[in-house]
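Notes follow the structure.
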Amino acid sequence: MSAKLLYLAPRGRPDIMAAVSFLCTRFQQPNVKDWEKLSRVLRYLKSTKELFLTICVDEITQMHSYVDSAHMAHHDLKGHTGGFICFKNGAFAAKSKKQRLNSNSSCEAELIGAGEYLKQIIWARNFMIAQGYKMKPKNHINVAKRKFSVIPNK
């Protein structure tokens, strides 16, 4: 069931991506709490099946990125990062995954998460430039409710 949710989440339901990403780390030894979490996601999907994904554009030349991380969220003490890119409302690129590195603090987990997600932000910006859009020189990445300016080389 988690594999089916993993297929669905990035394609049409980015709102469940963090929960599904976490559930997929529990394949080998699921416990009762994991089954309860899976059941909760399924109940949420059932109650929100009439919702649809809305994407609005405020200004096509200005992307907004949001990244947040959790320290020691997994049984192997690794953190978890989730984030998305939007122009105004509605994420057009969302990602949620387990961090590759262990961190010593929540601040370090946030920096690791921002570093991992920054590649996708720069790719999205370069893709928009390749499509002919003149992107603003600065894009902002919001990490744990703090705003940073990102100025890629291009």
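The chains in the structure tokens are called A, B, ... from first to last as shown; in each chain the residues are counted from 1, and the ligands are counted from 1 in the order shown.
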
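Within 8 Å of range 129-137 of chain A there are Ile60, Thr61, Gln62, Arg125 and Ile151 of chain A, counting only C-alpha atoms and ignoring same-chain residues fewer than 4 positions away.
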
Please save N, CA and C atoms of the selected residues as a short mmCIF file (atom, residue, chain, number, x, y, z; two decimals), in the first residue's frame.
data_model
loop_
_atom_site.label_atom_id
_atom_site.label_comp_id
_atom_site.auth_asym_id
_atom_site.auth_seq_id
_atom_site.Cartn_x
_atom_site.Cartn_y
_atom_site.Cartn_z
N ILE A 60 5.82 35.12 -12.61
CA ILE A 60 6.51 33.96 -13.17
C ILE A 60 8.03 34.07 -13.03
N THR A 61 8.54 35.27 -12.82
CA THR A 61 9.99 35.45 -12.74
C THR A 61 10.52 35.35 -11.31
N GLN A 62 9.66 35.10 -10.33
CA GLN A 62 10.10 35.02 -8.93
C GLN A 62 9.60 33.71 -8.31
N ARG A 125 15.14 26.80 -11.45
CA ARG A 125 15.42 28.15 -11.94
C ARG A 125 16.08 28.10 -13.32
N ILE A 151 21.62 33.20 -4.84
CA ILE A 151 22.03 33.80 -6.12
C ILE A 151 22.88 32.77 -6.85
#

### Message
Taking the DSSP secondary structure from the backbone, can you list the residues of range 79-138 of chain A that are alpha helix (DSSP H), as an MDAnalysis selection string?
### Response
chainID A and resid 106:130

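Using only C-alpha atoms, the nearest neighbour of Ala70 in chain A within the list A:Arg43, A:Lys49, A:Lys98, A:Lys119 is A:Lys98.
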
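Nearest residue to Val20 in chain A, choosing from A:Leu38, A:Ile121, A:Met128, A:Val32 and counting only C-alpha atoms: A:Leu38.
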
### Task
Name the closest residue to His80 in chain A among the candidates A:Arg100, A:Arg11, A:His64, A:Lys4; distances are taken between atoms, counting only C-alpha atoms.
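The answer is A:Arg100, which sits nearest to His80 in chain A.
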
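Between CA of Ala9 in chain A and CA of Glu36 in chain A the separation is 18.6 Å.
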
### Task
Go through A:Arg40, A:Thr48, A:Ala3, A:Asp15 one by one, measure the shortest atom-to-atom distance of each to Gly82 in chain A using only C-alpha atoms, and give the residue with the smallest value.
A:Asp15

### Task
Could you tell me which of A:Asn142, A:Ser21, A:Ser69, A:Gln28 comes closest to Ser105 in chain A if we count only C-alpha atoms?
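Of the candidates, the smallest distance to Ser105 in chain A is held by A:Ser69.
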
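Interatomic distance, CA of Asn104 in chain A to CA of Leu23 in chain A: 23.6 Å.
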
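Note that CA of Ile122 in chain A and CA of Leu6 in chain A are 24.5 Å apart.
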
### Task
Considering only C-alpha atoms, return as a list in words whatever protein or nucleic-acid residues lie within 8 Å of Pro10 in chain A, sequence-local ones (same chain, fewer than 4 positions apart) excluded.
Leu6, Pro14, Met17, Ala94 and Lys95 of chain A

For the residues selected in the previous step, produce a file with N, CA, C and O atoms as an mmCIF file, in the first residue's frame.
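File again_7.cif, as written:
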data_model
loop_
_atom_site.group_PDB
_atom_site.id
_atom_site.type_symbol
_atom_site.label_atom_id
_atom_site.label_comp_id
_atom_site.auth_asym_id
_atom_site.auth_seq_id
_atom_site.Cartn_x
_atom_site.Cartn_y
_atom_site.Cartn_z
ATOM 1 N N LEU A 6 3.274 6.077 -2.588
ATOM 2 C CA LEU A 6 4.510 6.701 -3.054
ATOM 3 C C LEU A 6 4.390 7.103 -4.522
ATOM 4 O O LEU A 6 4.945 8.114 -4.944
ATOM 5 N N PRO A 14 0.739 16.223 -3.185
ATOM 6 C CA PRO A 14 1.956 16.571 -2.439
ATOM 7 C C PRO A 14 1.693 16.801 -0.952
ATOM 8 O O PRO A 14 2.631 16.813 -0.160
ATOM 9 N N MET A 17 3.017 13.817 1.003
ATOM 10 C CA MET A 17 4.364 13.364 0.676
ATOM 11 C C MET A 17 5.227 13.093 1.908
ATOM 12 O O MET A 17 5.935 12.088 1.958
ATOM 13 N N ALA A 94 7.574 19.319 -5.333
ATOM 14 C CA ALA A 94 7.633 19.015 -3.900
ATOM 15 C C ALA A 94 8.511 17.787 -3.693
ATOM 16 O O ALA A 94 8.600 16.916 -4.546
ATOM 17 N N LYS A 95 9.153 17.740 -2.531
ATOM 18 C CA LYS A 95 10.080 16.657 -2.249
ATOM 19 C C LYS A 95 10.094 16.410 -0.741
ATOM 20 O O LYS A 95 10.036 17.353 0.046
#

### Query
Of the candidates A:Leu111, A:Leu45, A:Ser39, A:Lys88, which shows the shortest atom-to-atom distance to His71 in chain A, using only C-alpha atoms?
A:Leu111
